[in-house]
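Asks: So here's structure_26.txt, just compact mmCIF, C-alpha atoms:
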```
# COMPACT_ATOMS: atom_id res chain seq x y z
CA MET A 779 9.38 21.90 51.97
CA THR A 780 10.04 24.13 55.01
CA VAL A 781 11.16 26.99 52.76
CA LEU A 782 7.94 26.72 50.74
CA ALA A 783 5.89 26.74 53.96
CA ILE A 784 7.67 29.85 55.28
CA GLY A 785 7.19 31.61 51.94
CA LEU A 786 3.46 30.88 51.88
CA ILE A 787 2.98 31.99 55.51
CA VAL A 788 4.89 35.26 55.03
CA PHE A 789 2.98 35.99 51.81
CA GLY A 790 -0.33 35.35 53.61
CA LEU A 791 0.68 37.56 56.54
CA PHE A 792 1.36 40.36 54.06
CA PHE A 793 -2.21 40.09 52.78
CA LEU A 794 -3.62 39.98 56.33
CA ILE A 795 -1.69 43.15 57.23
CA VAL A 796 -2.93 44.93 54.09
CA GLY A 797 -6.51 43.92 54.91
CA SER A 798 -6.29 45.25 58.46
CA ILE A 799 -4.84 48.57 57.22
CA GLY A 800 -7.82 48.81 54.85
CA MET A 801 -10.19 48.03 57.73
CA LEU A 802 -8.59 50.84 59.71
CA ARG A 803 -8.41 53.57 57.07
CA LEU A 804 -11.19 53.13 54.49
CA PRO A 805 -14.14 55.53 54.80
CA ASN A 806 -17.44 53.58 54.89
CA VAL A 807 -18.88 50.13 55.48
CA PHE A 808 -18.90 48.95 51.85
CA THR A 809 -15.24 49.74 51.22
CA ARG A 810 -14.35 48.14 54.55
CA ALA A 811 -16.21 44.99 53.52
CA HIS A 812 -14.26 45.04 50.25
CA ALA A 813 -10.96 45.14 52.19
CA LEU A 814 -12.11 42.46 54.60
CA SER A 815 -13.65 39.86 52.32
CA LEU A 816 -11.05 39.83 49.53
CA THR A 817 -7.68 40.25 51.22
CA ASP A 818 -8.65 38.54 54.45
CA SER A 819 -9.85 35.38 52.69
CA LEU A 820 -6.72 35.19 50.54
CA GLY A 821 -4.42 35.81 53.50
CA ALA A 822 -6.07 33.15 55.66
CA ILE A 823 -6.01 30.66 52.77
CA LEU A 824 -2.29 31.27 52.15
CA VAL A 825 -1.32 30.98 55.84
CA LEU A 826 -3.33 27.76 56.25
CA ALA A 827 -1.80 26.36 53.04
CA GLY A 828 1.67 27.12 54.42
CA LEU A 829 0.86 25.34 57.69
CA ALA A 830 -0.53 22.34 55.76
CA VAL A 831 2.63 22.12 53.63
CA TYR A 832 4.75 22.34 56.80
CA GLN A 833 3.01 19.21 58.16
CA GLY A 834 4.02 17.11 55.15
CA PHE A 835 1.64 14.68 53.50
CA THR A 836 0.02 13.12 56.57
CA MET A 837 -3.43 13.04 58.13
CA ASN A 838 -2.89 16.54 59.52
CA PHE A 839 -2.44 17.85 55.97
CA LEU A 840 -5.96 16.68 55.11
CA LYS A 841 -7.44 18.13 58.31
CA ILE A 842 -5.89 21.57 57.74
CA THR A 843 -7.11 21.37 54.13
CA ILE A 844 -10.65 20.89 55.44
CA VAL A 845 -10.32 24.08 57.53
CA LEU A 846 -8.91 25.88 54.47
CA VAL A 847 -11.92 24.91 52.33
CA LEU A 848 -14.29 25.93 55.15
CA VAL A 849 -12.67 29.36 55.51
CA SER A 850 -12.65 29.99 51.77
CA LEU A 851 -16.36 29.10 51.58
CA LEU A 852 -17.69 30.75 54.72
CA ASN A 853 -15.82 34.08 54.73
CA PRO A 854 -17.40 35.44 51.49
CA ILE A 855 -20.83 34.19 52.61
CA ILE A 856 -20.61 36.16 55.87
CA ALA A 857 -19.35 39.33 54.16
CA HIS A 858 -22.10 39.12 51.52
CA ALA A 859 -24.85 38.58 54.10
CA THR A 860 -23.65 41.50 56.23
CA ILE A 861 -23.42 43.87 53.28
CA ARG A 862 -26.83 42.84 51.97
CA ALA A 863 -28.28 43.56 55.42
CA ALA A 864 -26.55 46.97 55.45
CA HIS A 865 -27.93 47.84 52.02
CA ARG A 866 -31.46 46.77 52.91
CA ALA A 867 -31.28 48.63 56.21
CA GLY A 868 -30.88 51.85 54.26
CA ILE A 869 -27.15 52.59 54.41
CA ARG A 870 -25.87 54.01 51.13
CA SER A 871 -22.38 54.74 49.96
CA SER A 872 -22.98 58.48 49.77
CA LYS A 873 -21.05 61.47 51.02
CA GLU A 874 -23.03 62.06 54.19
CA ASP A 875 -22.78 58.47 55.36
CA THR A 876 -19.04 58.51 54.84
CA LYS A 877 -16.98 59.28 57.92
CA MET B 781 11.39 27.34 63.32
CA SER B 782 9.66 27.74 66.67
CA SER B 783 10.68 31.40 66.86
CA PHE B 784 9.19 31.94 63.41
CA PHE B 785 5.85 30.54 64.62
CA LEU B 786 6.03 32.80 67.67
CA PHE B 787 6.51 35.74 65.28
CA VAL B 788 3.39 34.63 63.36
CA LEU B 789 1.43 34.40 66.63
CA VAL B 790 2.44 37.92 67.73
CA THR B 791 1.62 39.38 64.29
CA LEU B 792 -1.84 37.79 64.27
CA THR B 793 -2.54 39.09 67.78
CA VAL B 794 -1.58 42.65 66.79
CA LEU B 795 -3.88 42.40 63.75
CA MET B 796 -6.71 41.23 66.04
CA LEU B 797 -6.16 44.35 68.18
CA ILE B 798 -6.54 46.54 65.05
CA TYR B 799 -9.85 44.83 64.25
CA LEU B 800 -10.89 45.29 67.90
CA PHE B 801 -10.39 49.03 67.45
CA ARG B 802 -12.86 48.90 64.55
CA VAL B 803 -15.34 46.91 66.68
CA VAL B 804 -15.20 49.45 69.51
CA ARG B 805 -15.17 52.64 67.39
CA GLY B 806 -17.23 51.51 64.38
CA PRO B 807 -19.77 54.16 63.34
CA SER B 808 -22.53 51.71 62.39
CA VAL B 809 -23.41 48.28 63.72
CA PHE B 810 -22.38 46.64 60.43
CA ASP B 811 -18.80 47.83 60.94
CA ARG B 812 -18.85 46.02 64.28
CA VAL B 813 -20.17 42.83 62.67
CA LEU B 814 -17.47 43.00 59.99
CA GLY B 815 -14.80 43.57 62.62
CA LEU B 816 -15.98 40.54 64.60
CA ASN B 817 -15.85 38.48 61.39
CA GLY B 818 -12.25 39.55 60.83
CA ILE B 819 -11.30 38.73 64.42
CA SER B 820 -12.80 35.24 64.14
CA THR B 821 -10.98 34.57 60.86
CA LYS B 822 -7.71 35.50 62.62
CA ALA B 823 -8.68 33.26 65.56
CA ILE B 824 -9.21 30.27 63.23
CA VAL B 825 -5.70 30.73 61.79
CA LEU B 826 -4.29 31.41 65.27
CA LEU B 827 -5.62 28.11 66.65
CA VAL B 828 -3.94 26.12 63.86
CA VAL B 829 -0.64 27.97 64.48
CA ILE B 830 -0.87 27.21 68.23
CA GLY B 831 -1.45 23.55 67.35
CA THR B 832 1.65 23.60 65.15
CA VAL B 833 3.73 25.11 67.96
CA TYR B 834 2.61 22.48 70.49
CA GLU B 835 2.68 19.67 67.85
CA ARG B 836 -0.95 18.74 68.51
CA VAL B 837 -2.44 19.86 65.20
CA ASP B 838 -4.96 17.00 65.11
CA MET B 839 -6.69 18.31 68.24
CA PHE B 840 -6.52 22.07 67.53
CA VAL B 841 -7.82 21.69 63.96
CA ASP B 842 -11.08 20.26 65.34
CA ILE B 843 -11.48 23.25 67.67
CA SER B 844 -10.80 25.55 64.74
CA THR B 845 -13.43 23.84 62.56
CA GLY B 846 -16.04 24.18 65.28
CA TYR B 847 -15.14 27.84 65.73
CA ALA B 848 -15.57 28.48 61.98
CA LEU B 849 -19.02 26.88 61.91
CA LEU B 850 -20.20 28.70 65.05
CA ASN B 851 -18.94 31.97 63.56
CA LEU B 852 -20.99 31.32 60.41
CA VAL B 853 -24.18 30.67 62.39
CA GLY B 854 -23.69 33.72 64.63
CA ALA B 855 -22.85 36.13 61.83
CA LEU B 856 -25.76 34.98 59.65
CA ALA B 857 -28.16 35.29 62.61
CA ILE B 858 -27.01 38.87 63.31
CA ALA B 859 -27.22 39.77 59.59
CA LYS B 860 -30.75 38.38 59.21
CA PHE B 861 -31.90 40.10 62.41
CA LEU B 862 -30.56 43.50 61.30
CA GLU B 863 -31.99 42.99 57.82
CA GLU B 864 -35.49 42.50 59.22
CA ARG B 865 -35.23 45.15 61.93
CA GLY B 866 -33.22 47.87 60.22
CA ALA B 867 -30.15 49.56 61.64
CA PRO B 868 -30.57 50.95 65.17
CA LYS B 869 -30.66 54.73 65.43
CA LYS B 870 -27.69 56.35 67.13
```
Just dump the structure as structure tokens.
Replies:
Amino acid sequence: MTVLAIGLIVFGLFFLIVGSIGMLRLPNVFTRAHALSLTDSLGAILVLAGLAVYQGFTMNFLKITIVLVLVSLLNPIIAHATIRAAHRAGIRSSKEDTK
Amino acid sequence: MSSFFLFVLVTLTVLMLIYLFRVVRGPSVFDRVLGLNGISTKAIVLLVVIGTVYERVDMFVDISTGYALLNLVGALAIAKFLEERGAPKK
């Protein structure tokens, strides 16, 4: 069970590192939101699943599962709302906005 | 096992510093909002890892849930405000 937990946590940390590299290097706000919402949600879900498996099947497993469901629901909502606001505020994914 | 969790804590903190660079240097205000969202996602995970290290997961998970909900309310409020107002001119 501990080996499975370590595997899940390391796999999730890989996705979190990839997401932060994308946040650092991608050119404009839409591509950055792509890096953040996809890889960041998956990485957080995998790390939390590893921590829940490490607890064993107790009450703490259920509580960490509640946080996991909350993160997987709320993170895409926030990214979508921010990008919709950016699009309606007039930012486009064109050459001159890219820097 | 404790040293492995310390490694996870240090890695998450370094990732939060990378997102903080994006918050400080972001060209538009939406980059800053996205960077804050990434930092708060890392903070939610970080609180659960700290609870696992100190073996008080039942307490730290509640703090983490409250942080997730407050982050949702704050980010949606900022997004709605900027959607009505438009992006500020540099």
Asks: Distance limit 7 Å, atoms considered: only C-alpha atoms. Which chain B residues sit that close to chain A? Return them as a list in words.
Replies: Leu795, Ile798, Tyr799, Arg802, Phe810, Asp811, Leu814, Gly818, Val825, Val837, Asp838, Val841, Thr845, Leu852, Ala855, Leu856, Ala859, Lys860, Leu862, Glu863, Gly866 and Ala867 of chain B
Asks: Would you mind telling me which residue in A:Ser871, A:Ala827, A:Pro805, A:Ala813 lies nearest to Phe789 (chain A) when using all atoms listed in the file?
Replies: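 With all atoms listed in the file as the atom set, the closest residue is A:Ala827.
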Asks: CA of Leu824 (chain A) and CA of Gly790 (chain A) are how many Å apart?
Replies: 4.8 Å
Asks: List as a PDB file with C-alpha atoms, keeping the file's coordinate frame the protein and nucleic acid residues near Ile830 (chain B), meaning an atom at most 9 Å away when all atoms listed in the file are counted, but skip any in the same chain fewer than 5 places from it.
Replies:
```pdb
ATOM      1  CA  PHE B 785       5.850  30.540  64.620  1.00  0.00           C
ATOM      2  CA  LEU B 786       6.030  32.800  67.670  1.00  0.00           C
ATOM      3  CA  LEU B 789       1.430  34.400  66.630  1.00  0.00           C
ATOM      4  CA  VAL B 825      -5.700  30.730  61.790  1.00  0.00           C
ATOM      5  CA  GLU B 835       2.680  19.670  67.850  1.00  0.00           C
ATOM      6  CA  ARG B 836      -0.950  18.740  68.510  1.00  0.00           C
ATOM      7  CA  VAL B 837      -2.440  19.860  65.200  1.00  0.00           C
ATOM      8  CA  PHE B 840      -6.520  22.070  67.530  1.00  0.00           C
TER       9      PHE B 840
END
```
Asks: Would you mind telling me which residue in B:Thr832, B:Ser808, B:Thr821, B:Thr793 lies nearest to Tyr847 (chain B) when using all atoms listed in the file?
Replies: B:Thr821
Asks: For each of A:Leu851, A:Leu820, A:His812, A:Val831, take the minimum atom-to-atom distance to Gly785 (chain A), counting only C-alpha atoms, then give the residue where this is smallest.
Replies: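 Using only C-alpha atoms, the shortest distance to Gly785 (chain A) belongs to A:Val831.
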Asks: If you measure from CA of Ile824 (chain B) to CA of Val804 (chain B), what distance in Å do you get, rounded to one decimal?
Replies: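 Calculated distance between CA of Ile824 (chain B) and CA of Val804 (chain B) is 21.1 Å.
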Asks: Rounded to one decimal, what separation in Å do you get between CA of Val790 (chain B) and CA of Ile843 (chain B)?
Replies: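 Those two atoms sit 20.2 Å apart.
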Asks: Counting only C-alpha atoms, which residue out of A:Leu816, A:Leu786, A:Leu840, A:Met779 sits closest to Asp842 (chain B)?
Replies: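 Closest to Asp842 (chain B) of all the choices is A:Leu840.
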Asks: How would region 822-852 of chain B look with N, CA and C atoms restored, written as a PDB file, in the coordinates of the input?
Replies:
```
ATOM      1  N   LYS B 822      -9.052  35.557  62.034  1.00  0.00           N
ATOM      2  CA  LYS B 822      -7.710  35.500  62.620  1.00  0.00           C
ATOM      3  C   LYS B 822      -7.630  34.425  63.695  1.00  0.00           C
ATOM      4  N   ALA B 823      -8.715  34.247  64.473  1.00  0.00           N
ATOM      5  CA  ALA B 823      -8.680  33.260  65.560  1.00  0.00           C
ATOM      6  C   ALA B 823      -8.609  31.844  65.004  1.00  0.00           C
ATOM      7  N   ILE B 824      -9.274  31.598  63.852  1.00  0.00           N
ATOM      8  CA  ILE B 824      -9.210  30.270  63.230  1.00  0.00           C
ATOM      9  C   ILE B 824      -7.760  29.960  62.837  1.00  0.00           C
ATOM     10  N   VAL B 825      -7.090  30.940  62.187  1.00  0.00           N
ATOM     11  CA  VAL B 825      -5.700  30.730  61.790  1.00  0.00           C
ATOM     12  C   VAL B 825      -4.807  30.581  63.019  1.00  0.00           C
ATOM     13  N   LEU B 826      -5.097  31.409  64.054  1.00  0.00           N
ATOM     14  CA  LEU B 826      -4.290  31.410  65.270  1.00  0.00           C
ATOM     15  C   LEU B 826      -4.334  30.057  65.987  1.00  0.00           C
ATOM     16  N   LEU B 827      -5.510  29.411  65.989  1.00  0.00           N
ATOM     17  CA  LEU B 827      -5.620  28.110  66.650  1.00  0.00           C
ATOM     18  C   LEU B 827      -4.778  27.064  65.937  1.00  0.00           C
ATOM     19  N   VAL B 828      -4.743  27.112  64.589  1.00  0.00           N
ATOM     20  CA  VAL B 828      -3.940  26.120  63.860  1.00  0.00           C
ATOM     21  C   VAL B 828      -2.447  26.372  64.105  1.00  0.00           C
ATOM     22  N   VAL B 829      -2.059  27.671  64.207  1.00  0.00           N
ATOM     23  CA  VAL B 829      -0.640  27.970  64.480  1.00  0.00           C
ATOM     24  C   VAL B 829      -0.260  27.497  65.882  1.00  0.00           C
ATOM     25  N   ILE B 830      -1.158  27.683  66.864  1.00  0.00           N
ATOM     26  CA  ILE B 830      -0.870  27.210  68.230  1.00  0.00           C
ATOM     27  C   ILE B 830      -0.725  25.691  68.229  1.00  0.00           C
ATOM     28  N   GLY B 831      -1.578  24.995  67.465  1.00  0.00           N
ATOM     29  CA  GLY B 831      -1.450  23.550  67.350  1.00  0.00           C
ATOM     30  C   GLY B 831      -0.144  23.135  66.731  1.00  0.00           C
ATOM     31  N   THR B 832       0.363  23.915  65.751  1.00  0.00           N
ATOM     32  CA  THR B 832       1.650  23.600  65.150  1.00  0.00           C
ATOM     33  C   THR B 832       2.794  23.806  66.135  1.00  0.00           C
ATOM     34  N   VAL B 833       2.669  24.852  66.977  1.00  0.00           N
ATOM     35  CA  VAL B 833       3.730  25.110  67.960  1.00  0.00           C
ATOM     36  C   VAL B 833       3.796  23.973  68.972  1.00  0.00           C
ATOM     37  N   TYR B 834       2.620  23.542  69.476  1.00  0.00           N
ATOM     38  CA  TYR B 834       2.610  22.480  70.490  1.00  0.00           C
ATOM     39  C   TYR B 834       2.597  21.079  69.906  1.00  0.00           C
ATOM     40  N   GLU B 835       2.664  20.963  68.555  1.00  0.00           N
ATOM     41  CA  GLU B 835       2.680  19.670  67.850  1.00  0.00           C
ATOM     42  C   GLU B 835       1.467  18.816  68.186  1.00  0.00           C
ATOM     43  N   ARG B 836       0.311  19.475  68.339  1.00  0.00           N
ATOM     44  CA  ARG B 836      -0.950  18.740  68.510  1.00  0.00           C
ATOM     45  C   ARG B 836      -1.964  19.287  67.501  1.00  0.00           C
ATOM     46  N   VAL B 837      -1.595  19.257  66.225  1.00  0.00           N
ATOM     47  CA  VAL B 837      -2.440  19.860  65.200  1.00  0.00           C
ATOM     48  C   VAL B 837      -3.768  19.113  65.080  1.00  0.00           C
ATOM     49  N   ASP B 838      -3.749  17.799  65.285  1.00  0.00           N
ATOM     50  CA  ASP B 838      -4.960  17.000  65.110  1.00  0.00           C
ATOM     51  C   ASP B 838      -6.068  17.403  66.078  1.00  0.00           C
ATOM     52  N   MET B 839      -5.674  17.879  67.280  1.00  0.00           N
ATOM     53  CA  MET B 839      -6.690  18.310  68.240  1.00  0.00           C
ATOM     54  C   MET B 839      -7.143  19.743  67.950  1.00  0.00           C
ATOM     55  N   PHE B 840      -6.173  20.652  67.681  1.00  0.00           N
ATOM     56  CA  PHE B 840      -6.520  22.070  67.530  1.00  0.00           C
ATOM     57  C   PHE B 840      -7.279  22.342  66.235  1.00  0.00           C
ATOM     58  N   VAL B 841      -7.096  21.498  65.211  1.00  0.00           N
ATOM     59  CA  VAL B 841      -7.820  21.690  63.960  1.00  0.00           C
ATOM     60  C   VAL B 841      -9.316  21.454  64.171  1.00  0.00           C
ATOM     61  N   ASP B 842      -9.662  20.505  65.057  1.00  0.00           N
ATOM     62  CA  ASP B 842     -11.080  20.260  65.340  1.00  0.00           C
ATOM     63  C   ASP B 842     -11.714  21.459  66.034  1.00  0.00           C
ATOM     64  N   ILE B 843     -10.974  22.055  66.999  1.00  0.00           N
ATOM     65  CA  ILE B 843     -11.480  23.250  67.670  1.00  0.00           C
ATOM     66  C   ILE B 843     -11.684  24.370  66.663  1.00  0.00           C
ATOM     67  N   SER B 844     -10.734  24.477  65.739  1.00  0.00           N
ATOM     68  CA  SER B 844     -10.800  25.550  64.740  1.00  0.00           C
ATOM     69  C   SER B 844     -11.980  25.367  63.790  1.00  0.00           C
ATOM     70  N   THR B 845     -12.275  24.109  63.410  1.00  0.00           N
ATOM     71  CA  THR B 845     -13.430  23.840  62.560  1.00  0.00           C
ATOM     72  C   THR B 845     -14.733  24.210  63.251  1.00  0.00           C
ATOM     73  N   GLY B 846     -14.837  23.829  64.530  1.00  0.00           N
ATOM     74  CA  GLY B 846     -16.040  24.180  65.280  1.00  0.00           C
ATOM     75  C   GLY B 846     -16.201  25.679  65.422  1.00  0.00           C
ATOM     76  N   TYR B 847     -15.075  26.386  65.606  1.00  0.00           N
ATOM     77  CA  TYR B 847     -15.140  27.840  65.730  1.00  0.00           C
ATOM     78  C   TYR B 847     -15.615  28.470  64.431  1.00  0.00           C
ATOM     79  N   ALA B 848     -15.153  27.930  63.280  1.00  0.00           N
ATOM     80  CA  ALA B 848     -15.570  28.480  61.980  1.00  0.00           C
ATOM     81  C   ALA B 848     -17.065  28.304  61.774  1.00  0.00           C
ATOM     82  N   LEU B 849     -17.596  27.123  62.125  1.00  0.00           N
ATOM     83  CA  LEU B 849     -19.020  26.880  61.910  1.00  0.00           C
ATOM     84  C   LEU B 849     -19.883  27.727  62.838  1.00  0.00           C
ATOM     85  N   LEU B 850     -19.435  27.859  64.126  1.00  0.00           N
ATOM     86  CA  LEU B 850     -20.200  28.700  65.050  1.00  0.00           C
ATOM     87  C   LEU B 850     -20.180  30.158  64.625  1.00  0.00           C
ATOM     88  N   ASN B 851     -19.041  30.590  64.053  1.00  0.00           N
ATOM     89  CA  ASN B 851     -18.940  31.970  63.560  1.00  0.00           C
ATOM     90  C   ASN B 851     -19.903  32.193  62.412  1.00  0.00           C
ATOM     91  N   LEU B 852     -20.043  31.184  61.524  1.00  0.00           N
ATOM     92  CA  LEU B 852     -20.990  31.320  60.410  1.00  0.00           C
ATOM     93  C   LEU B 852     -22.416  31.485  60.914  1.00  0.00           C
TER      94      LEU B 852
END
```
